[in-house]
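Here is the structure we will look at, set down as C-alpha cells.
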Number of protein chains: 2
Amino acid sequence: MKYPNNLKLNLVQNINFANRGMNLEEDINITNQYYKNMSIAFIYKKPTPIKVVKMEYNNKRMITEAYFVEPSTTDYNGLYKGKYIDFEAKETNSLTSFPLRNIPTHQITHLKNIINNEGIGFIIVRFNFCQETYLLLVKDLLKFISDNKRASIPLEYFKTNAHLIPSNYLKRCDYLAVINTLEGIKK
Amino acid sequence: MKYPNNLKLNLVQNINFANRGMNLEEDINITNQYYKNMSIAFIYKKPTPIKVVKMEYNNKRMITEAYFVEPSTTDYNGLYKGKYIDFEAKETNSLTSFPLRNIPTHQITHLKNIINNEGIGFIIVRFNFCQETYLLLVKDLLKFISDNKRASIPLEYFKTNAHLIPSNYLKRCDYLAVINTLEGIKK
C-alpha cells in the first residue's frame, strides 16, 4: 500500500508524539492556564534571557547576533492568594537520581533569596521512566546539598522528602494541590 | 590648554551624565540592589522578551535573526515579606500629564491579574521636568481608565491619588516606603 508522502510523515510524527507524551513544560503551561482561567492563581513563564550583541536599524529593529545566556532566575513565578511562588522545572531520563547540574548555582542562589524573603520556592522534577513528578521545597533541596557531597539527588530522597504531584486531565501537573497541604497558605 | 584625547572624552561624558542625571531605571535598579543587600526585599527586572526567528548551529548556538516583542508582563517583580510585588516604571517629559499609551493593554491585563490574585501591583511614573516620582496603585490606575476617556493621566491626578516616592542617596526610588504605609503589609 502506498501513502502520499505527506500523510506518511504525519503518521510518523503522531506516533512519535504519542510515545513521548506531553512534556513537563507543556503540562505546567496547561495547568497554569487552568489556574488562571479559574482565578485560582496567576503563574507564568519568564522570557528566556538573551544577550544581544549586534542589531540592524532599518525600518524594524532586527537583532542579527545574540546568544542565550544561563538564566540567573528560575523559569516560573507568580502569585497564589497574594503569596509569591517561584520554581524551576526539570525532567530527567535517569532511573535512579536527579543530577544537580540541572540546577545552575545562579538558580540556587535565586531560590535561596525567595525563601529568605518568605516566598514559596521549590523545584519540580519529573522522572520520565516512571512518569512520577515531585515537588521538592527549596529548604529540602538546600538540606540535601548541605548534608551530602553527591552530584545527584537519589529518587529515594524524593520519595521520602518531596511531594508527589497529582495529575489529571485539566491539571496535568497540579502542584498547587501540594502547596495547599503545606502550612501558611490560607485555603 | 591641551588635554590628551581620552581625558577630553571622559570630561564630556561626565558633563553629559551630570546633566542628564540618573534615569528612573537606574534609580530603581540601585534601590533594588540595596533592598536585596539589606535583606529587605527581593525584587528584580525580568528579561526583555525576544522572538527568535533564525539560529545558526555551529559550536555556539548563535541567534542570527530575532526581534524585540511587546512585553506581555511588566518590567519588575519580586517579593517583600512573602507578598508578591509587580510594577512597571516609566518616565515622561510631559509637563502636564502621563500618556497612557506608555502602558500597553497587555500590561494592564497583567496588572489586573496581579491584584485579582491579591498581589501588590502598581506603576511608577517620573515626571522628568520636576523630578517627582509617583507610585500609582493598579486600583487607582484602573479607576482613572474606567472613569475617564482621556488618553493621558494629568499630573494633578497623581498629586491627589498617587503617592510621592521619597528618594535618598542609598534608596534613590524608595517605593517600599510607600508600600509600608498601605494596609495589609506587616511591618
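Letters for chains follow the order of the C-alpha cells (A, B, ...), residue numbers begin at 1 for each chain, and ligand numbers begin at 1 in the order shown.
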
Can I get the residues of chain A within 6 Å of chain B, each with the closest pair of atoms and their distance in Å to one decimal, using only C-alpha atoms, sorted chain first then ascending number, as a Markdown table?
```
| residue | atom | partner | partner_atom | distance |
| --- | --- | --- | --- | --- |
| A:Pro47 | CA | B:Pro49 | CA | 5.3 |
| A:Pro49 | CA | B:Pro47 | CA | 5.3 |
| A:Met62 | CA | B:Tyr67 | CA | 5.4 |
| A:Ile63 | CA | B:Ala66 | CA | 4.9 |
| A:Thr64 | CA | B:Thr64 | CA | 4.6 |
| A:Glu65 | CA | B:Thr64 | CA | 5.0 |
| A:Ala66 | CA | B:Ile63 | CA | 4.9 |
| A:Tyr67 | CA | B:Met62 | CA | 5.4 |
| A:Lys81 | CA | B:Asn117 | CA | 5.4 |
| A:Gly82 | CA | B:Glu118 | CA | 4.2 |
| A:Lys83 | CA | B:Lys83 | CA | 5.1 |
| A:Tyr84 | CA | B:Tyr84 | CA | 4.7 |
| A:Asn117 | CA | B:Lys81 | CA | 5.4 |
| A:Glu118 | CA | B:Gly82 | CA | 4.2 |
| A:Gly119 | CA | B:Gly82 | CA | 4.6 |
```

Quick one: write out the picked residues with N, CA, C and O atoms as a PDB file, in the first residue's frame?
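The new file again-v4.pdb reads:
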```
ATOM      1  N   PRO A  47      10.467  35.191  30.260  1.00  0.00           N
ATOM      2  CA  PRO A  47      11.165  35.086  28.975  1.00  0.00           C
ATOM      3  C   PRO A  47      12.566  34.495  29.185  1.00  0.00           C
ATOM      4  O   PRO A  47      13.166  34.676  30.239  1.00  0.00           O
ATOM      5  N   PRO A  49      16.348  34.559  28.961  1.00  0.00           N
ATOM      6  CA  PRO A  49      17.280  35.682  28.815  1.00  0.00           C
ATOM      7  C   PRO A  49      18.210  35.514  27.614  1.00  0.00           C
ATOM      8  O   PRO A  49      18.775  34.437  27.394  1.00  0.00           O
ATOM      9  N   MET A  62      16.106  44.882  13.888  1.00  0.00           N
ATOM     10  CA  MET A  62      16.390  43.455  13.816  1.00  0.00           C
ATOM     11  C   MET A  62      17.655  43.125  14.603  1.00  0.00           C
ATOM     12  O   MET A  62      18.678  43.799  14.449  1.00  0.00           O
ATOM     13  N   ILE A  63      17.572  42.099  15.423  1.00  0.00           N
ATOM     14  CA  ILE A  63      18.748  41.609  16.148  1.00  0.00           C
ATOM     15  C   ILE A  63      19.447  40.613  15.227  1.00  0.00           C
ATOM     16  O   ILE A  63      18.831  39.658  14.751  1.00  0.00           O
ATOM     17  N   THR A  64      20.748  40.839  14.943  1.00  0.00           N
ATOM     18  CA  THR A  64      21.446  39.985  13.980  1.00  0.00           C
ATOM     19  C   THR A  64      22.487  39.084  14.642  1.00  0.00           C
ATOM     20  O   THR A  64      23.040  38.200  13.996  1.00  0.00           O
ATOM     21  N   GLU A  65      22.794  39.371  15.895  1.00  0.00           N
ATOM     22  CA  GLU A  65      23.675  38.448  16.613  1.00  0.00           C
ATOM     23  C   GLU A  65      23.310  38.485  18.093  1.00  0.00           C
ATOM     24  O   GLU A  65      23.317  39.541  18.731  1.00  0.00           O
ATOM     25  N   ALA A  66      22.983  37.308  18.617  1.00  0.00           N
ATOM     26  CA  ALA A  66      22.582  37.229  20.024  1.00  0.00           C
ATOM     27  C   ALA A  66      22.791  35.800  20.501  1.00  0.00           C
ATOM     28  O   ALA A  66      22.932  34.871  19.689  1.00  0.00           O
ATOM     29  N   TYR A  67      22.864  35.649  21.807  1.00  0.00           N
ATOM     30  CA  TYR A  67      23.098  34.320  22.389  1.00  0.00           C
ATOM     31  C   TYR A  67      22.190  34.105  23.591  1.00  0.00           C
ATOM     32  O   TYR A  67      21.879  35.064  24.309  1.00  0.00           O
ATOM     33  N   LYS A  81      -2.981  33.536  45.917  1.00  0.00           N
ATOM     34  CA  LYS A  81      -3.580  34.157  47.103  1.00  0.00           C
ATOM     35  C   LYS A  81      -2.624  35.165  47.749  1.00  0.00           C
ATOM     36  O   LYS A  81      -2.433  35.155  48.963  1.00  0.00           O
ATOM     37  N   GLY A  82      -2.016  35.985  46.930  1.00  0.00           N
ATOM     38  CA  GLY A  82      -1.143  37.043  47.442  1.00  0.00           C
ATOM     39  C   GLY A  82       0.279  36.602  47.758  1.00  0.00           C
ATOM     40  O   GLY A  82       1.162  37.435  47.909  1.00  0.00           O
ATOM     41  N   LYS A  83       0.489  35.283  47.873  1.00  0.00           N
ATOM     42  CA  LYS A  83       1.821  34.773  48.199  1.00  0.00           C
ATOM     43  C   LYS A  83       2.659  34.633  46.932  1.00  0.00           C
ATOM     44  O   LYS A  83       2.166  34.237  45.877  1.00  0.00           O
ATOM     45  N   TYR A  84       3.937  34.891  47.052  1.00  0.00           N
ATOM     46  CA  TYR A  84       4.854  34.782  45.928  1.00  0.00           C
ATOM     47  C   TYR A  84       5.300  33.327  45.756  1.00  0.00           C
ATOM     48  O   TYR A  84       5.723  32.678  46.708  1.00  0.00           O
ATOM     49  N   ASN A 117      13.052  35.670  51.762  1.00  0.00           N
ATOM     50  CA  ASN A 117      12.058  36.740  51.767  1.00  0.00           C
ATOM     51  C   ASN A 117      10.642  36.192  51.897  1.00  0.00           C
ATOM     52  O   ASN A 117       9.671  36.830  51.491  1.00  0.00           O
ATOM     53  N   GLU A 118      10.558  35.000  52.501  1.00  0.00           N
ATOM     54  CA  GLU A 118       9.276  34.393  52.876  1.00  0.00           C
ATOM     55  C   GLU A 118       8.399  33.997  51.700  1.00  0.00           C
ATOM     56  O   GLU A 118       7.180  33.900  51.832  1.00  0.00           O
ATOM     57  N   GLY A 119       8.997  33.786  50.553  1.00  0.00           N
ATOM     58  CA  GLY A 119       8.240  33.302  49.407  1.00  0.00           C
ATOM     59  C   GLY A 119       8.181  31.773  49.408  1.00  0.00           C
ATOM     60  O   GLY A 119       8.849  31.114  50.204  1.00  0.00           O
TER      61      GLY A 119
END
```

Glu91 of chain B: which residues within 8 Å, counting only C-alpha atoms, same-chain residues fewer than 3 positions away excluded, as a list in words?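 Close residues of Glu91 of chain B: Leu24, Val125, Arg126, Phe127 and Asn128 of chain B.
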
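Within 12 Å of Leu182 of chain B, once only C-alpha atoms are used and residues closer than 4 positions along the same chain are dropped, the contacting residues are Ile120, Leu135, Leu137, Ala162, His163, Tyr175, Leu176, Ala177, Val178, Lys186 and Lys187 of chain B.
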
Output of the above residues as a PDB file, in the first residue's frame, restricted to all heavy atoms:
```
ATOM      1  N   ILE B 120       0.455  42.870  45.112  1.00  0.00           N
ATOM      2  CA  ILE B 120       0.614  44.321  45.176  1.00  0.00           C
ATOM      3  C   ILE B 120       1.088  44.793  43.799  1.00  0.00           C
ATOM      4  O   ILE B 120       2.212  44.489  43.387  1.00  0.00           O
ATOM      5  CB  ILE B 120       1.644  44.706  46.260  1.00  0.00           C
ATOM      6  CG1 ILE B 120       1.192  44.172  47.629  1.00  0.00           C
ATOM      7  CG2 ILE B 120       1.847  46.227  46.307  1.00  0.00           C
ATOM      8  CD1 ILE B 120       2.272  44.242  48.697  1.00  0.00           C
ATOM      9  N   LEU B 135       4.006  56.703  42.853  1.00  0.00           N
ATOM     10  CA  LEU B 135       3.536  55.323  42.835  1.00  0.00           C
ATOM     11  C   LEU B 135       2.014  55.370  42.751  1.00  0.00           C
ATOM     12  O   LEU B 135       1.356  55.923  43.634  1.00  0.00           O
ATOM     13  CB  LEU B 135       3.996  54.607  44.116  1.00  0.00           C
ATOM     14  CG  LEU B 135       3.685  53.111  44.260  1.00  0.00           C
ATOM     15  CD1 LEU B 135       4.677  52.463  45.224  1.00  0.00           C
ATOM     16  CD2 LEU B 135       2.260  52.839  44.716  1.00  0.00           C
ATOM     17  N   LEU B 137      -1.236  52.991  42.523  1.00  0.00           N
ATOM     18  CA  LEU B 137      -1.703  51.603  42.671  1.00  0.00           C
ATOM     19  C   LEU B 137      -2.568  51.215  41.482  1.00  0.00           C
ATOM     20  O   LEU B 137      -3.251  52.072  40.897  1.00  0.00           O
ATOM     21  CB  LEU B 137      -2.503  51.447  43.967  1.00  0.00           C
ATOM     22  CG  LEU B 137      -1.678  51.511  45.255  1.00  0.00           C
ATOM     23  CD1 LEU B 137      -2.599  51.563  46.470  1.00  0.00           C
ATOM     24  CD2 LEU B 137      -0.724  50.311  45.367  1.00  0.00           C
ATOM     25  N   ALA B 162      -2.064  59.371  43.750  1.00  0.00           N
ATOM     26  CA  ALA B 162      -0.861  58.536  43.819  1.00  0.00           C
ATOM     27  C   ALA B 162      -0.038  58.947  45.036  1.00  0.00           C
ATOM     28  O   ALA B 162      -0.458  59.811  45.813  1.00  0.00           O
ATOM     29  CB  ALA B 162      -0.053  58.688  42.534  1.00  0.00           C
ATOM     30  N   HIS B 163       1.085  58.316  45.219  1.00  0.00           N
ATOM     31  CA  HIS B 163       1.922  58.561  46.390  1.00  0.00           C
ATOM     32  C   HIS B 163       3.302  59.012  45.907  1.00  0.00           C
ATOM     33  O   HIS B 163       3.915  58.325  45.086  1.00  0.00           O
ATOM     34  CB  HIS B 163       2.063  57.285  47.215  1.00  0.00           C
ATOM     35  CG  HIS B 163       0.743  56.666  47.574  1.00  0.00           C
ATOM     36  ND1 HIS B 163       0.111  56.892  48.770  1.00  0.00           N
ATOM     37  CD2 HIS B 163      -0.080  55.846  46.861  1.00  0.00           C
ATOM     38  CE1 HIS B 163      -1.036  56.234  48.797  1.00  0.00           C
ATOM     39  NE2 HIS B 163      -1.175  55.581  47.645  1.00  0.00           N
ATOM     40  N   TYR B 175      10.312  53.018  46.808  1.00  0.00           N
ATOM     41  CA  TYR B 175       8.872  52.746  46.683  1.00  0.00           C
ATOM     42  C   TYR B 175       8.333  51.886  47.818  1.00  0.00           C
ATOM     43  O   TYR B 175       7.152  51.919  48.122  1.00  0.00           O
ATOM     44  CB  TYR B 175       8.556  52.125  45.314  1.00  0.00           C
ATOM     45  CG  TYR B 175       9.349  50.882  44.989  1.00  0.00           C
ATOM     46  CD1 TYR B 175       8.866  49.625  45.327  1.00  0.00           C
ATOM     47  CD2 TYR B 175      10.579  50.963  44.354  1.00  0.00           C
ATOM     48  CE1 TYR B 175       9.594  48.482  45.039  1.00  0.00           C
ATOM     49  CE2 TYR B 175      11.311  49.829  44.056  1.00  0.00           C
ATOM     50  CZ  TYR B 175      10.815  48.592  44.403  1.00  0.00           C
ATOM     51  OH  TYR B 175      11.537  47.463  44.125  1.00  0.00           O
ATOM     52  N   LEU B 176       9.203  51.112  48.475  1.00  0.00           N
ATOM     53  CA  LEU B 176       8.698  50.301  49.592  1.00  0.00           C
ATOM     54  C   LEU B 176       8.302  51.180  50.783  1.00  0.00           C
ATOM     55  O   LEU B 176       7.455  50.774  51.585  1.00  0.00           O
ATOM     56  CB  LEU B 176       9.722  49.235  50.014  1.00  0.00           C
ATOM     57  CG  LEU B 176       9.914  48.082  49.025  1.00  0.00           C
ATOM     58  CD1 LEU B 176      10.897  47.060  49.575  1.00  0.00           C
ATOM     59  CD2 LEU B 176       8.592  47.387  48.667  1.00  0.00           C
ATOM     60  N   ALA B 177       8.882  52.379  50.869  1.00  0.00           N
ATOM     61  CA  ALA B 177       8.451  53.316  51.915  1.00  0.00           C
ATOM     62  C   ALA B 177       6.969  53.637  51.737  1.00  0.00           C
ATOM     63  O   ALA B 177       6.229  53.784  52.713  1.00  0.00           O
ATOM     64  CB  ALA B 177       9.287  54.591  51.860  1.00  0.00           C
ATOM     65  N   VAL B 178       6.521  53.726  50.478  1.00  0.00           N
ATOM     66  CA  VAL B 178       5.097  53.954  50.203  1.00  0.00           C
ATOM     67  C   VAL B 178       4.293  52.704  50.549  1.00  0.00           C
ATOM     68  O   VAL B 178       3.262  52.772  51.224  1.00  0.00           O
ATOM     69  CB  VAL B 178       4.876  54.346  48.724  1.00  0.00           C
ATOM     70  CG1 VAL B 178       3.391  54.391  48.395  1.00  0.00           C
ATOM     71  CG2 VAL B 178       5.551  55.669  48.404  1.00  0.00           C
ATOM     72  N   LYS B 186       2.673  43.663  56.856  1.00  0.00           N
ATOM     73  CA  LYS B 186       3.202  43.648  58.214  1.00  0.00           C
ATOM     74  C   LYS B 186       4.509  44.426  58.251  1.00  0.00           C
ATOM     75  O   LYS B 186       5.353  44.254  57.388  1.00  0.00           O
ATOM     76  CB  LYS B 186       3.483  42.209  58.652  1.00  0.00           C
ATOM     77  CG  LYS B 186       2.252  41.433  59.050  1.00  0.00           C
ATOM     78  CD  LYS B 186       2.620  39.985  59.318  1.00  0.00           C
ATOM     79  CE  LYS B 186       3.060  39.295  58.032  1.00  0.00           C
ATOM     80  NZ  LYS B 186       3.548  37.925  58.228  1.00  0.00           N
ATOM     81  N   LYS B 187       4.671  45.273  59.233  1.00  0.00           N
ATOM     82  CA  LYS B 187       5.935  45.997  59.389  1.00  0.00           C
ATOM     83  C   LYS B 187       7.018  45.049  59.912  1.00  0.00           C
ATOM     84  O   LYS B 187       6.732  44.180  60.716  1.00  0.00           O
ATOM     85  CB  LYS B 187       5.778  47.162  60.362  1.00  0.00           C
ATOM     86  CG  LYS B 187       4.914  48.290  59.800  1.00  0.00           C
ATOM     87  CD  LYS B 187       5.736  49.241  58.961  1.00  0.00           C
ATOM     88  CE  LYS B 187       4.834  50.153  58.155  1.00  0.00           C
ATOM     89  NZ  LYS B 187       4.383  51.294  58.906  1.00  0.00           N
TER      90      LYS B 187
END
```

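Taking atom CA of Thr92 of chain A and atom CA of Tyr157 of chain A as endpoints, the distance between them is 14.9 Å.
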
Interatomic distance (Å, one decimal) between atom CA of Pro99 of chain A and atom CA of Asn59 of chain B: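 Result for atom CA of Pro99 of chain A versus atom CA of Asn59 of chain B: 24.3 Å, one decimal.
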
Could you pull out the alpha helix (DSSP H) residues of segment 4-147 of chain B, going by DSSP on the backbone, and write them as a PyMOL selection string? chain B and resi 5-20+24-37+105-116+138-147

Can you tell me, as a PyMOL selection string, what residues are no more than 8 Å from Ile123 of chain B when counting only C-alpha atoms, ignoring any on the same chain fewer than 6 positions away? chain B and resi 87-90+135-138

What parts of chain B does DSSP call strand (DSSP E)? I'd like the answer as a compact mmCIF listing (two decimals) with N, CA, C and O atoms, in the first residue's frame.
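Wrote it out as states.txt, contents follow:
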```
# COMPACT_ATOMS: atom_id res chain seq x y z
N PHE B 42 13.26 41.25 47.75
CA PHE B 42 13.97 40.68 46.61
C PHE B 42 13.14 40.98 45.37
O PHE B 42 12.14 40.30 45.09
N ILE B 43 13.53 42.02 44.67
CA ILE B 43 12.76 42.47 43.51
C ILE B 43 13.73 42.66 42.34
O ILE B 43 14.81 43.21 42.51
N TYR B 44 13.36 42.13 41.19
CA TYR B 44 14.30 42.13 40.07
C TYR B 44 13.60 42.43 38.75
O TYR B 44 12.38 42.38 38.65
N LYS B 45 14.41 42.73 37.77
CA LYS B 45 13.93 43.08 36.44
C LYS B 45 13.82 41.80 35.61
O LYS B 45 14.72 40.97 35.63
N ILE B 50 12.21 38.43 23.66
CA ILE B 50 12.75 38.48 22.30
C ILE B 50 12.21 37.27 21.54
O ILE B 50 12.21 36.15 22.07
N LYS B 51 11.75 37.52 20.32
CA LYS B 51 11.28 36.43 19.47
C LYS B 51 12.42 36.01 18.56
O LYS B 51 12.89 36.80 17.75
N VAL B 52 12.84 34.76 18.70
CA VAL B 52 13.95 34.24 17.89
C VAL B 52 13.39 33.68 16.60
O VAL B 52 12.46 32.87 16.61
N VAL B 53 13.92 34.13 15.46
CA VAL B 53 13.43 33.68 14.15
C VAL B 53 14.41 32.70 13.50
O VAL B 53 14.02 31.70 12.93
N LYS B 54 15.71 33.03 13.58
CA LYS B 54 16.71 32.17 12.93
C LYS B 54 17.89 31.91 13.84
O LYS B 54 18.31 32.80 14.58
N MET B 55 18.42 30.70 13.75
CA MET B 55 19.61 30.36 14.54
C MET B 55 20.62 29.67 13.66
O MET B 55 20.28 29.08 12.64
N GLU B 56 21.87 29.76 14.08
CA GLU B 56 22.93 29.01 13.41
C GLU B 56 23.50 28.03 14.42
O GLU B 56 23.83 28.42 15.55
N TYR B 57 23.57 26.77 14.04
CA TYR B 57 24.10 25.78 14.97
C TYR B 57 25.53 25.44 14.61
O TYR B 57 25.80 24.49 13.90
N ARG B 61 25.55 28.18 19.88
CA ARG B 61 24.26 28.42 19.24
C ARG B 61 24.02 29.92 19.09
O ARG B 61 23.69 30.60 20.04
N MET B 62 24.24 30.43 17.87
CA MET B 62 24.11 31.87 17.65
C MET B 62 22.74 32.18 17.05
O MET B 62 22.30 31.54 16.10
N ILE B 63 22.09 33.20 17.63
CA ILE B 63 20.83 33.69 17.09
C ILE B 63 21.16 34.71 16.02
O ILE B 63 21.89 35.67 16.28
N THR B 64 20.66 34.50 14.78
CA THR B 64 21.04 35.40 13.68
C THR B 64 19.89 36.29 13.23
O THR B 64 20.08 37.21 12.45
N GLU B 65 18.69 35.99 13.69
CA GLU B 65 17.57 36.90 13.41
C GLU B 65 16.58 36.82 14.55
O GLU B 65 16.07 35.74 14.88
N ALA B 66 16.32 37.95 15.15
CA ALA B 66 15.39 38.00 16.28
C ALA B 66 14.86 39.41 16.41
O ALA B 66 15.42 40.36 15.85
N TYR B 67 13.74 39.54 17.11
CA TYR B 67 13.10 40.85 17.28
C TYR B 67 12.63 41.02 18.72
O TYR B 67 12.22 40.05 19.35
N PHE B 68 12.68 42.25 19.20
CA PHE B 68 12.05 42.55 20.47
C PHE B 68 10.54 42.46 20.30
O PHE B 68 10.01 42.89 19.28
N TYR B 76 9.23 44.71 36.31
CA TYR B 76 9.77 44.31 37.60
C TYR B 76 8.79 43.45 38.37
O TYR B 76 7.58 43.71 38.34
N ASN B 77 9.33 42.44 39.03
CA ASN B 77 8.51 41.76 40.03
C ASN B 77 9.42 41.13 41.07
O ASN B 77 10.64 41.10 40.93
N GLY B 78 8.79 40.68 42.14
CA GLY B 78 9.57 40.10 43.21
C GLY B 78 8.74 39.96 44.46
O GLY B 78 7.50 39.92 44.37
N LEU B 79 9.41 39.87 45.59
CA LEU B 79 8.64 39.65 46.81
C LEU B 79 9.18 40.45 47.97
O LEU B 79 10.36 40.75 48.05
N TYR B 80 8.24 40.81 48.84
CA TYR B 80 8.52 41.65 50.00
C TYR B 80 7.76 41.03 51.16
O TYR B 80 6.53 41.02 51.14
N LYS B 83 4.97 38.71 50.28
CA LYS B 83 3.94 39.24 49.39
C LYS B 83 4.50 39.44 47.98
O LYS B 83 5.65 39.84 47.80
N TYR B 84 3.66 39.19 47.00
CA TYR B 84 4.06 39.36 45.60
C TYR B 84 3.93 40.83 45.19
O TYR B 84 2.89 41.45 45.40
N ILE B 85 5.00 41.35 44.60
CA ILE B 85 5.05 42.75 44.14
C ILE B 85 5.30 42.78 42.64
O ILE B 85 6.12 42.00 42.15
N ASP B 86 4.63 43.65 41.92
CA ASP B 86 4.74 43.69 40.46
C ASP B 86 4.50 45.12 39.99
O ASP B 86 3.52 45.73 40.38
N PHE B 87 5.41 45.64 39.18
CA PHE B 87 5.17 47.00 38.69
C PHE B 87 5.88 47.30 37.38
O PHE B 87 6.79 46.60 36.97
N GLU B 88 5.41 48.35 36.77
CA GLU B 88 6.02 48.88 35.55
C GLU B 88 6.49 50.31 35.87
O GLU B 88 5.83 51.01 36.64
N ALA B 89 7.62 50.71 35.32
CA ALA B 89 8.17 52.03 35.61
C ALA B 89 8.35 52.82 34.33
O ALA B 89 8.89 52.30 33.35
N LYS B 90 7.91 54.07 34.32
CA LYS B 90 8.01 54.90 33.11
C LYS B 90 8.36 56.34 33.48
O LYS B 90 7.90 56.85 34.50
N GLU B 91 9.14 56.96 32.62
CA GLU B 91 9.40 58.39 32.74
C GLU B 91 8.59 59.12 31.68
O GLU B 91 8.30 58.56 30.63
N THR B 92 8.27 60.36 31.97
CA THR B 92 7.66 61.18 30.92
C THR B 92 8.28 62.57 30.93
O THR B 92 8.65 63.08 31.98
N SER B 97 0.96 65.77 32.01
CA SER B 97 0.23 64.51 32.13
C SER B 97 1.06 63.32 31.66
O SER B 97 2.07 63.50 30.97
N PHE B 98 0.64 62.12 32.03
CA PHE B 98 1.32 60.89 31.65
C PHE B 98 0.51 60.17 30.58
O PHE B 98 -0.61 59.71 30.85
N PRO B 99 1.06 60.07 29.36
CA PRO B 99 0.31 59.43 28.26
C PRO B 99 0.10 57.93 28.51
O PRO B 99 1.06 57.20 28.76
N ILE B 120 0.45 42.87 45.11
CA ILE B 120 0.61 44.32 45.18
C ILE B 120 1.09 44.79 43.80
O ILE B 120 2.21 44.49 43.39
N GLY B 121 0.23 45.48 43.08
CA GLY B 121 0.56 45.93 41.72
C GLY B 121 0.47 47.44 41.62
O GLY B 121 -0.43 48.05 42.19
N PHE B 122 1.42 48.03 40.89
CA PHE B 122 1.39 49.49 40.74
C PHE B 122 2.22 49.90 39.53
O PHE B 122 2.90 49.08 38.92
N ILE B 123 2.11 51.19 39.17
CA ILE B 123 3.05 51.75 38.20
C ILE B 123 3.83 52.86 38.91
O ILE B 123 3.32 53.50 39.84
N ILE B 124 5.08 53.02 38.48
CA ILE B 124 5.89 54.13 38.98
C ILE B 124 6.07 55.09 37.81
O ILE B 124 6.47 54.66 36.72
N VAL B 125 5.73 56.34 38.01
CA VAL B 125 5.83 57.33 36.93
C VAL B 125 6.68 58.50 37.42
O VAL B 125 6.40 59.07 38.48
N ARG B 126 7.70 58.83 36.64
CA ARG B 126 8.51 60.01 36.96
C ARG B 126 8.24 61.12 35.96
O ARG B 126 8.29 60.90 34.74
N PHE B 127 7.92 62.30 36.49
CA PHE B 127 7.83 63.50 35.66
C PHE B 127 9.22 64.14 35.65
O PHE B 127 9.66 64.68 36.66
N GLU B 132 9.69 64.60 40.06
CA GLU B 132 8.81 63.95 41.03
C GLU B 132 8.44 62.56 40.53
O GLU B 132 8.11 62.39 39.35
N THR B 133 8.51 61.57 41.44
CA THR B 133 8.23 60.19 41.06
C THR B 133 7.07 59.69 41.91
O THR B 133 7.09 59.81 43.13
N TYR B 134 6.05 59.16 41.23
CA TYR B 134 4.83 58.75 41.92
C TYR B 134 4.60 57.25 41.81
O TYR B 134 4.94 56.63 40.81
N LEU B 135 4.01 56.70 42.85
CA LEU B 135 3.54 55.32 42.84
C LEU B 135 2.01 55.37 42.75
O LEU B 135 1.36 55.92 43.63
N LEU B 136 1.47 54.81 41.65
CA LEU B 136 0.02 54.78 41.47
C LEU B 136 -0.42 53.31 41.54
O LEU B 136 0.00 52.49 40.72
N LEU B 137 -1.24 52.99 42.52
CA LEU B 137 -1.70 51.60 42.67
C LEU B 137 -2.57 51.21 41.48
O LEU B 137 -3.25 52.07 40.90
N SER B 152 -4.46 60.41 28.58
CA SER B 152 -3.33 60.61 29.48
C SER B 152 -3.83 60.99 30.88
O SER B 152 -4.92 61.55 31.03
N ILE B 153 -3.03 60.65 31.87
CA ILE B 153 -3.41 60.93 33.26
C ILE B 153 -2.76 62.24 33.68
O ILE B 153 -1.52 62.36 33.65
N PRO B 154 -3.56 63.25 34.06
CA PRO B 154 -2.97 64.54 34.43
C PRO B 154 -2.08 64.42 35.68
O PRO B 154 -2.36 63.61 36.57
N HIS B 163 1.09 58.32 45.22
CA HIS B 163 1.92 58.56 46.39
C HIS B 163 3.30 59.01 45.91
O HIS B 163 3.91 58.32 45.09
N LEU B 164 3.78 60.14 46.42
CA LEU B 164 5.11 60.63 46.06
C LEU B 164 6.14 59.69 46.67
O LEU B 164 6.08 59.37 47.86
```

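Picture a line from atom CA of Tyr35 of chain B to atom CA of Leu111 of chain B; it runs 22.6 Å.
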
Go through B:Ile30, B:Met38, B:Ile165, B:Ile108 one by one, measure the shortest atom-to-atom distance of each to Lys139 of chain B using only C-alpha atoms, and give the residue with the smallest value.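 Distance minimum relative to Lys139 of chain B lands on B:Ile108.
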